[in-house]
>>> print(open('entry_35.cif').read())   # mmCIF, C-alpha atoms
data_coords
#
loop_
_atom_site.group_PDB
_atom_site.id
_atom_site.type_symbol
_atom_site.label_atom_id
_atom_site.label_comp_id
_atom_site.auth_asym_id
_atom_site.auth_seq_id
_atom_site.Cartn_x
_atom_site.Cartn_y
_atom_site.Cartn_z
ATOM 1 C CA MET A 1 24.265 9.703 -15.361
ATOM 2 C CA PHE A 2 24.521 10.642 -19.055
ATOM 3 C CA ILE A 3 25.029 14.330 -18.208
ATOM 4 C CA ALA A 4 27.627 13.432 -15.581
ATOM 5 C CA ILE A 5 29.593 11.440 -18.143
ATOM 6 C CA LYS A 6 29.375 14.153 -20.788
ATOM 7 C CA THR A 7 30.347 16.953 -18.400
ATOM 8 C CA GLU A 8 32.958 15.048 -16.369
ATOM 9 C CA ASN A 9 30.791 15.066 -13.248
ATOM 10 C CA GLY A 10 29.828 18.702 -13.750
ATOM 11 C CA LYS A 11 33.333 20.072 -14.279
ATOM 12 C CA ASN A 12 32.532 21.125 -17.840
ATOM 13 C CA LYS A 13 29.728 23.557 -17.090
ATOM 14 C CA GLY A 14 29.304 24.879 -20.626
ATOM 15 C CA LYS A 15 26.726 22.325 -21.768
ATOM 16 C CA ILE A 16 24.980 21.386 -18.506
ATOM 17 C CA ALA A 17 22.003 23.647 -19.257
ATOM 18 C CA PHE A 18 21.783 22.266 -22.824
ATOM 19 C CA TYR A 19 21.821 18.620 -21.742
ATOM 20 C CA CYS A 20 19.302 19.242 -18.959
ATOM 21 C CA LYS A 21 16.914 20.929 -21.383
ATOM 22 C CA VAL A 22 17.212 18.143 -23.983
ATOM 23 C CA LEU A 23 16.726 15.373 -21.418
ATOM 24 C CA GLY A 24 13.958 17.169 -19.524
ATOM 25 C CA VAL A 25 15.680 17.313 -16.125
ATOM 26 C CA THR A 26 16.355 20.281 -13.879
ATOM 27 C CA ARG A 27 19.823 21.539 -13.050
ATOM 28 C CA GLN A 28 18.950 21.145 -9.378
ATOM 29 C CA GLY A 29 18.114 17.513 -10.030
ATOM 30 C CA PHE A 30 21.434 16.986 -11.801
ATOM 31 C CA TYR A 31 23.444 18.542 -8.963
ATOM 32 C CA HIS A 32 21.477 16.471 -6.439
ATOM 33 C CA TYR A 33 22.464 13.354 -8.403
ATOM 34 C CA LEU A 34 26.142 14.394 -8.294
ATOM 35 C CA LYS A 35 25.883 14.938 -4.547
ATOM 36 C CA THR A 36 24.283 11.583 -3.759
ATOM 37 C CA LYS A 37 25.589 9.204 -6.444
ATOM 38 C CA ASP A 38 28.538 7.969 -4.390
ATOM 39 C CA LEU A 39 26.593 7.594 -1.141
ATOM 40 C CA PRO A 40 25.729 4.043 -0.015
ATOM 41 C CA TRP A 41 22.225 2.896 -0.981
ATOM 42 C CA LYS A 42 19.930 3.217 2.022
ATOM 43 C CA TYR A 43 18.127 -0.025 1.130
ATOM 44 C CA GLN A 44 21.277 -2.124 0.731
ATOM 45 C CA ALA A 45 20.712 -4.046 3.992
ATOM 46 C CA LEU A 46 17.121 -4.759 2.963
ATOM 47 C CA ALA A 47 18.252 -5.923 -0.488
ATOM 48 C CA ASP A 48 20.865 -8.244 1.053
ATOM 49 C CA ALA A 49 18.241 -9.745 3.386
ATOM 50 C CA MET A 50 15.891 -10.449 0.472
ATOM 51 C CA ILE A 51 18.670 -11.998 -1.596
ATOM 52 C CA ASP A 52 19.471 -14.283 1.370
ATOM 53 C CA ILE A 53 15.816 -15.337 1.565
ATOM 54 C CA CYS A 54 15.788 -16.208 -2.145
ATOM 55 C CA ALA A 55 18.987 -18.241 -1.708
ATOM 56 C CA GLU A 56 17.573 -20.315 1.170
ATOM 57 C CA ASP A 57 15.450 -22.478 -1.118
ATOM 58 C CA GLU A 58 15.202 -22.902 -4.881
ATOM 59 C CA CYS A 59 11.458 -22.294 -4.694
ATOM 60 C CA ASN A 60 11.863 -18.930 -2.979
ATOM 61 C CA ASP A 61 12.679 -17.220 -6.265
ATOM 62 C CA THR A 62 8.935 -17.274 -6.982
ATOM 63 C CA TYR A 63 8.216 -14.935 -4.076
ATOM 64 C CA GLY A 64 6.224 -11.840 -4.931
ATOM 65 C CA ARG A 65 6.141 -8.734 -2.784
ATOM 66 C CA ILE A 66 3.505 -10.075 -0.365
ATOM 67 C CA ARG A 67 5.334 -13.320 0.410
ATOM 68 C CA MET A 68 8.692 -11.544 0.571
ATOM 69 C CA HIS A 69 7.261 -9.000 3.019
ATOM 70 C CA GLN A 70 5.871 -11.828 5.141
ATOM 71 C CA ALA A 71 9.204 -13.670 5.032
ATOM 72 C CA LEU A 72 11.031 -10.564 6.224
ATOM 73 C CA GLN A 73 8.564 -10.108 9.076
ATOM 74 C CA LEU A 74 9.018 -13.760 10.036
ATOM 75 C CA LYS A 75 12.832 -13.677 9.986
ATOM 76 C CA GLN A 76 13.223 -10.177 11.490
ATOM 77 C CA PRO A 77 16.856 -9.657 10.312
ATOM 78 C CA LYS A 78 18.960 -8.079 13.051
ATOM 79 C CA GLY A 79 19.228 -4.304 12.845
ATOM 80 C CA LEU A 80 16.789 -4.079 9.929
ATOM 81 C CA LYS A 81 13.523 -2.181 10.141
ATOM 82 C CA ILE A 82 10.975 -3.830 7.857
ATOM 83 C CA PRO A 83 9.496 -1.176 5.522
ATOM 84 C CA SER A 84 6.102 -1.173 3.850
ATOM 85 C CA GLU A 85 5.076 -3.776 1.300
ATOM 86 C CA ARG A 86 5.303 -1.150 -1.440
ATOM 87 C CA THR A 87 8.920 -0.357 -0.545
ATOM 88 C CA VAL A 88 9.756 -4.057 -0.570
ATOM 89 C CA TYR A 89 8.321 -4.252 -4.090
ATOM 90 C CA ARG A 90 10.370 -1.259 -5.291
ATOM 91 C CA VAL A 91 13.598 -2.737 -3.914
ATOM 92 C CA MET A 92 12.810 -6.122 -5.477
ATOM 93 C CA GLU A 93 12.339 -4.370 -8.831
ATOM 94 C CA GLU A 94 15.628 -2.506 -8.367
ATOM 95 C CA ILE A 95 17.708 -5.640 -7.678
ATOM 96 C CA GLY A 96 15.901 -7.793 -10.251
ATOM 97 C CA ILE A 97 14.223 -10.417 -8.074
ATOM 98 C CA SER A 98 10.625 -9.329 -8.672
ATOM 99 C CA HIS A 99 8.607 -12.366 -9.713
ATOM 100 C CA ARG A 100 5.998 -12.165 -12.437
ATOM 101 C CA PRO A 101 3.654 -15.039 -13.304
ATOM 102 C CA LYS A 102 4.503 -16.810 -16.558
ATOM 103 C CA ARG A 103 0.910 -16.791 -17.663
ATOM 104 C CA LYS A 104 -1.963 -14.367 -17.455
ATOM 105 C CA PRO A 105 -4.831 -15.984 -15.539
ATOM 106 C CA ASN A 106 -8.083 -16.115 -17.447
ATOM 107 C CA GLY A 107 -11.484 -16.520 -15.870
ATOM 108 C CA ILE A 108 -13.133 -19.854 -16.580
ATOM 109 C CA THR A 109 -16.692 -18.748 -15.815
ATOM 110 C CA LYS A 110 -18.987 -18.734 -18.857
ATOM 111 C CA ALA A 111 -22.282 -17.050 -18.126
ATOM 112 C CA ASP A 112 -25.495 -18.054 -19.845
ATOM 113 C CA LYS A 113 -27.175 -14.708 -20.556
ATOM 114 C CA GLU A 114 -30.470 -16.361 -21.462
ATOM 115 C CA ALA A 115 -30.828 -18.457 -18.313
ATOM 116 C CA ARG A 116 -32.946 -17.450 -15.356
ATOM 117 C CA LYS A 117 -30.828 -16.042 -12.538
ATOM 118 C CA SER A 118 -31.259 -16.183 -8.765
ATOM 119 C CA ASP A 119 -31.144 -13.196 -6.432
ATOM 120 C CA ASP A 120 -27.947 -12.181 -4.635
ATOM 121 C CA LEU A 121 -28.751 -13.147 -1.026
ATOM 122 C CA ILE A 122 -25.175 -12.603 0.210
ATOM 123 C CA LYS A 123 -24.496 -9.080 -1.124
ATOM 124 C CA ARG A 124 -20.767 -9.415 -0.351
ATOM 125 C CA ASN A 125 -21.426 -10.082 3.332
ATOM 126 C CA PHE A 126 -19.480 -13.302 3.797
ATOM 127 C CA ARG A 127 -19.712 -13.433 7.595
ATOM 128 C CA ALA A 128 -21.875 -16.063 9.256
ATOM 129 C CA ASN A 129 -22.911 -16.318 12.914
ATOM 130 C CA LYS A 130 -23.130 -20.104 12.890
ATOM 131 C CA PRO A 131 -22.071 -23.080 10.755
ATOM 132 C CA LEU A 132 -24.088 -24.000 7.656
ATOM 133 C CA GLU A 133 -25.813 -20.630 7.541
ATOM 134 C CA LYS A 134 -24.083 -19.259 4.435
ATOM 135 C CA CYS A 135 -21.992 -21.246 1.957
ATOM 136 C CA ILE A 136 -20.010 -20.311 -1.134
ATOM 137 C CA THR A 137 -19.026 -22.376 -4.143
ATOM 138 C CA ASP A 138 -16.891 -22.076 -7.270
ATOM 139 C CA VAL A 139 -14.845 -24.041 -9.785
ATOM 140 C CA THR A 140 -11.138 -23.679 -10.464
ATOM 141 C CA GLU A 141 -8.676 -25.407 -12.780
ATOM 142 C CA ILE A 142 -5.218 -26.885 -12.273
ATOM 143 C CA LYS A 143 -2.918 -27.545 -15.204
ATOM 144 C CA THR A 144 -1.243 -30.956 -15.150
ATOM 145 C CA LEU A 145 1.110 -32.794 -17.482
ATOM 146 C CA ASP A 146 -1.757 -34.748 -19.036
ATOM 147 C CA GLY A 147 -4.387 -31.984 -19.205
ATOM 148 C CA LYS A 148 -6.507 -29.846 -16.919
ATOM 149 C CA LEU A 149 -8.109 -30.886 -13.646
ATOM 150 C CA TYR A 150 -11.243 -29.018 -12.596
ATOM 151 C CA ILE A 151 -12.087 -28.741 -8.901
ATOM 152 C CA SER A 152 -15.449 -27.736 -7.484
ATOM 153 C CA ALA A 153 -15.803 -26.980 -3.786
ATOM 154 C CA ILE A 154 -18.332 -25.682 -1.291
ATOM 155 C CA PHE A 155 -16.998 -23.673 1.673
ATOM 156 C CA ASP A 156 -18.774 -22.684 4.867
ATOM 157 C CA CYS A 157 -18.632 -18.907 5.417
ATOM 158 C CA PHE A 158 -18.505 -19.487 9.184
ATOM 159 C CA ASP A 159 -15.002 -20.993 9.260
ATOM 160 C CA LEU A 160 -14.239 -21.905 5.608
ATOM 161 C CA THR A 161 -14.698 -25.622 6.248
ATOM 162 C CA VAL A 162 -14.748 -27.590 2.992
ATOM 163 C CA LEU A 163 -18.255 -29.036 3.006
ATOM 164 C CA GLY A 164 -18.130 -30.728 -0.380
ATOM 165 C CA LEU A 165 -15.521 -31.382 -3.047
ATOM 166 C CA ALA A 166 -15.489 -32.975 -6.490
ATOM 167 C CA MET A 167 -12.928 -33.212 -9.296
ATOM 168 C CA ASP A 168 -13.122 -34.053 -12.984
ATOM 169 C CA THR A 169 -11.460 -33.456 -16.344
ATOM 170 C CA ASN A 170 -14.334 -31.184 -17.389
ATOM 171 C CA MET A 171 -16.320 -28.401 -15.734
ATOM 172 C CA LYS A 172 -19.835 -29.432 -16.701
ATOM 173 C CA ALA A 173 -22.863 -29.098 -14.450
ATOM 174 C CA THR A 174 -22.464 -32.714 -13.307
ATOM 175 C CA LEU A 175 -19.270 -31.689 -11.490
ATOM 176 C CA CYS A 176 -21.142 -29.089 -9.426
ATOM 177 C CA GLU A 177 -24.026 -31.500 -8.869
ATOM 178 C CA ARG A 178 -21.609 -34.067 -7.409
ATOM 179 C CA THR A 179 -20.162 -31.379 -5.158
ATOM 180 C CA LEU A 180 -23.651 -30.696 -3.799
ATOM 181 C CA GLU A 181 -24.270 -34.407 -3.304
ATOM 182 C CA ASN A 182 -20.984 -34.871 -1.426
ATOM 183 C CA ALA A 183 -21.696 -31.860 0.772
ATOM 184 C CA TYR A 184 -25.161 -33.139 1.660
ATOM 185 C CA LYS A 185 -23.832 -36.618 2.483
ATOM 186 C CA ALA A 186 -21.222 -35.179 4.845
ATOM 187 C CA TYR A 187 -23.387 -32.381 6.282
ATOM 188 C CA PRO A 188 -27.135 -33.169 6.065
ATOM 189 C CA ASP A 189 -27.838 -29.995 8.055
ATOM 190 C CA ILE A 190 -26.870 -27.979 4.990
ATOM 191 C CA ARG A 191 -30.571 -28.162 4.101
ATOM 192 C CA GLY A 192 -31.936 -24.632 4.361
ATOM 193 C CA SER A 193 -28.532 -22.967 3.940
ATOM 194 C CA ILE A 194 -27.773 -20.197 1.458
ATOM 195 C CA LEU A 195 -25.368 -21.344 -1.260
ATOM 196 C CA HIS A 196 -23.785 -18.516 -3.242
ATOM 197 C CA SER A 197 -22.055 -18.837 -6.631
ATOM 198 C CA ASP A 198 -21.217 -16.849 -9.730
ATOM 199 C CA ARG A 199 -23.464 -16.869 -12.808
ATOM 200 C CA GLY A 200 -21.693 -19.644 -14.649
ATOM 201 C CA THR A 201 -23.681 -21.970 -16.890
ATOM 202 C CA GLN A 202 -23.160 -24.821 -14.431
ATOM 203 C CA TYR A 203 -25.088 -22.982 -11.731
ATOM 204 C CA THR A 204 -27.944 -21.854 -13.999
ATOM 205 C CA SER A 205 -28.432 -25.304 -15.536
ATOM 206 C CA LYS A 206 -31.594 -27.341 -14.948
ATOM 207 C CA LEU A 207 -29.502 -30.187 -13.515
ATOM 208 C CA TYR A 208 -27.948 -27.998 -10.841
ATOM 209 C CA ARG A 209 -31.195 -26.226 -9.958
ATOM 210 C CA LYS A 210 -32.878 -29.614 -9.577
ATOM 211 C CA ALA A 211 -30.158 -30.689 -7.138
ATOM 212 C CA ILE A 212 -30.471 -27.406 -5.225
ATOM 213 C CA LYS A 213 -34.200 -28.025 -4.848
ATOM 214 C CA LYS A 214 -33.663 -31.685 -3.938
ATOM 215 C CA TYR A 215 -31.413 -30.802 -1.004
ATOM 216 C CA GLY A 216 -33.540 -27.859 0.145
ATOM 217 C CA ILE A 217 -30.824 -25.243 -0.346
ATOM 218 C CA GLN A 218 -31.421 -21.544 -1.090
ATOM 219 C CA GLN A 219 -29.595 -20.534 -4.245
ATOM 220 C CA SER A 220 -27.817 -17.178 -4.403
ATOM 221 C CA MET A 221 -25.872 -15.700 -7.312
ATOM 222 C CA ASN A 222 -23.687 -12.712 -8.104
ATOM 223 C CA SER A 223 -25.678 -9.566 -8.742
ATOM 224 C CA ALA A 224 -26.662 -8.563 -12.281
ATOM 225 C CA GLY A 225 -23.522 -7.587 -14.149
ATOM 226 C CA GLY A 226 -21.672 -8.889 -11.091
ATOM 227 C CA ARG A 227 -17.916 -9.031 -10.718
ATOM 228 C CA CYS A 228 -15.567 -11.432 -8.987
ATOM 229 C CA HIS A 229 -15.907 -9.322 -5.806
ATOM 230 C CA ASP A 230 -19.458 -10.639 -5.427
ATOM 231 C CA ASN A 231 -17.930 -14.039 -4.628
ATOM 232 C CA ALA A 232 -14.619 -12.698 -3.349
ATOM 233 C CA ARG A 233 -14.213 -15.020 -0.391
ATOM 234 C CA CYS A 234 -14.453 -18.105 -2.561
ATOM 235 C CA GLU A 235 -12.120 -16.591 -5.165
ATOM 236 C CA SER A 236 -9.565 -15.893 -2.436
ATOM 237 C CA MET A 237 -9.598 -19.544 -1.379
ATOM 238 C CA TRP A 238 -8.347 -20.550 -4.815
#
>>> encode(input="entry_35.cif", output="structure tokens")
Amino acid sequence: MFIAIKTENGKNKGKIAFYCKVLGVTRQGFYHYLKTKDLPWKYQALADAMIDICAEDECNDTYGRIRMHQALQLKQPKGLKIPSERTVYRVMEEIGISHRPKRKPNGITKADKEARKSDDLIKRNFRANKPLEKCITDVTEIKTLDGKLYISAIFDCFDLTVLGLAMDTNMKATLCERTLENAYKAYPDIRGSILHSDRGTQYTSKLYRKAIKKYGIQQSMNSAGGRCHDNARCESMW
């Protein structure tokens, strides 16, 4: 665009080579720009459809590329072929409706390096052939106007049923112990199940291990030096 302005859309040919060299573009690229700059944008219909989706509800302006792609597939605008998710993202960036979270999420797991760990019995295989065979657990936080709320849950790998749930204003081991207690009260057949977690201090504490033993549950933890992928199915629920 700068070269086009300076050379009157290529009419003044004397300095085209100079400007291209300074700006690091090829002359072929410049002439291609001149040829296509007045053509209609091929993604204009897609951009208009996404703008309409954002205008439907005041909350829709928080849509990222995944939700926008899903919304387009759901609406199926007439005469519009839905492109890939990556293309949707590029168009959203171009028209300025790409949503970015206001905060960078930080992990809340604090591992106790000195505590005894349990073996990884799941090994990222989160499929179960029957209920109460494999379970997963984790803690997440929700920011509220008067502080943070911590939620601990146990999910069944078979169908992601919530077996146990507990909430508190802190994320101490007692929160996870109550989750175990609630799960056992609702599903006594959880005895003998595998319960997988990360290596947070709550799950390596004596209090939690005592509860695990009390309810006859097999404890499983992320592998040594494990990452969030080792408990990916539970992470995805949050």
>>> closest_residue(input="entry_35.cif", among="A:Ser223, A:Thr87, A:Gln44, A:Asn129", to="Arg65 (chain A)", atoms="all atoms listed in the file")
A:Thr87
>>> atom_distance(input="entry_35.cif", atom1="CA of Cys228 (chain A)", atom2="CA of Arg191 (chain A)")
26.0 Å
>>> resolve_selection(input="entry_35.cif", expression="the PyMOL selection byres ((chain A and resi 10-19) around 12)", output="ChimeraX atom specification")
/A:1-9,20-35
>>> atom_distance(input="entry_35.cif", atom1="CA of Asn60 (chain A)", atom2="CA of Val139 (chain A)")
28.0 Å
>>> residues_around(input="entry_35.cif", residues="Arg127 (chain A)", least_positions_apart="2", cutoff="10 Å", atoms="only C-alpha atoms", output="number ranges by chain")
A: 122, 124-125, 129-130, 133-135, 156-159, 233
>>> residues_around(input="entry_35.cif", residues="Gln73 (chain A)", least_positions_apart="3", cutoff="12 Å", atoms="all atoms listed in the file", output="list in words")
Leu46, Ala49, Met50, Ile53, Ile66, Arg67, Met68, His69, Gln70, Gln76, Pro77, Lys78, Leu80, Lys81, Ile82, Pro83, Ser84, Glu85 and Val88 of chain A
>>> atom_distance(input="entry_35.cif", atom1="CA of Met167 (chain A)", atom2="CA of Phe155 (chain A)")
15.1 Å
>>> closest_residue(input="entry_35.cif", among="A:Glu181, A:Glu56, A:Asp48, A:Asp198", to="Ser220 (chain A)", atoms="all atoms listed in the file")
A:Asp198
>>> closest_residue(input="entry_35.cif", among="A:Glu177, A:Asp189, A:Asp138, A:Asp168", to="Glu235 (chain A)", atoms="only C-alpha atoms")
A:Asp138
>>> residues_near_point(input="entry_35.cif", point="(-32.9, -17.4, -6.3)", cutoff="10 Å", atoms="all atoms listed in the file", output="PyMOL selection string")
chain A and resi 116-121+194-196+209+218-221
>>> write_last_selection(input="entry_35.cif", atoms="C-alpha atoms", output="PDB file, in the coordinates of the input")
ATOM      1  CA  ARG A 116     -32.946 -17.450 -15.356  1.00  0.00           C
ATOM      2  CA  LYS A 117     -30.828 -16.042 -12.538  1.00  0.00           C
ATOM      3  CA  SER A 118     -31.259 -16.183  -8.765  1.00  0.00           C
ATOM      4  CA  ASP A 119     -31.144 -13.196  -6.432  1.00  0.00           C
ATOM      5  CA  ASP A 120     -27.947 -12.181  -4.635  1.00  0.00           C
ATOM      6  CA  LEU A 121     -28.751 -13.147  -1.026  1.00  0.00           C
ATOM      7  CA  ILE A 194     -27.773 -20.197   1.458  1.00  0.00           C
ATOM      8  CA  LEU A 195     -25.368 -21.344  -1.260  1.00  0.00           C
ATOM      9  CA  HIS A 196     -23.785 -18.516  -3.242  1.00  0.00           C
ATOM     10  CA  ARG A 209     -31.195 -26.226  -9.958  1.00  0.00           C
ATOM     11  CA  GLN A 218     -31.421 -21.544  -1.090  1.00  0.00           C
ATOM     12  CA  GLN A 219     -29.595 -20.534  -4.245  1.00  0.00           C
ATOM     13  CA  SER A 220     -27.817 -17.178  -4.403  1.00  0.00           C
ATOM     14  CA  MET A 221     -25.872 -15.700  -7.312  1.00  0.00           C
TER      15      MET A 221
END
>>> resolve_selection(input="entry_35.cif", expression="the PyMOL selection byres ((chain A and resi 170) around 10)", output="PyMOL selection string")
chain A and resi 141+148-151+167-169+171-175
>>> residues_around(input="entry_35.cif", residues="Thr179 (chain A)", least_positions_apart="3", cutoff="9 Å", atoms="all atoms listed in the file", output="ChimeraX atom specification")
/A:152-154,163-167,174-176,182-184
>>> axis_aligned_box(input="entry_35.cif", around="region 129-132 of chain A", padding_each_side="6 Å", output="lines of an AutoDock Vina configuration file")
center_x = -23.1
center_y = -20.2
center_z = 10.3
size_x = 14.0
size_y = 19.7
size_z = 17.3
>>> closest_residue(input="entry_35.cif", among="A:Lys75, A:Pro188, A:Glu94, A:Leu180", to="Tyr203 (chain A)", atoms="all atoms listed in the file")
A:Leu180
>>> closest_residue(input="entry_35.cif", among="A:Leu207, A:Cys234, A:Leu160, A:Ala47", to="Glu93 (chain A)", atoms="only C-alpha atoms")
A:Ala47
>>> residues_around(input="entry_35.cif", residues="Asp61 (chain A)", least_positions_apart="5", cutoff="9 Å", atoms="all atoms listed in the file", output="list in words")
Ile53, Cys54, Ala55, Ile97, Ser98 and His99 of chain A
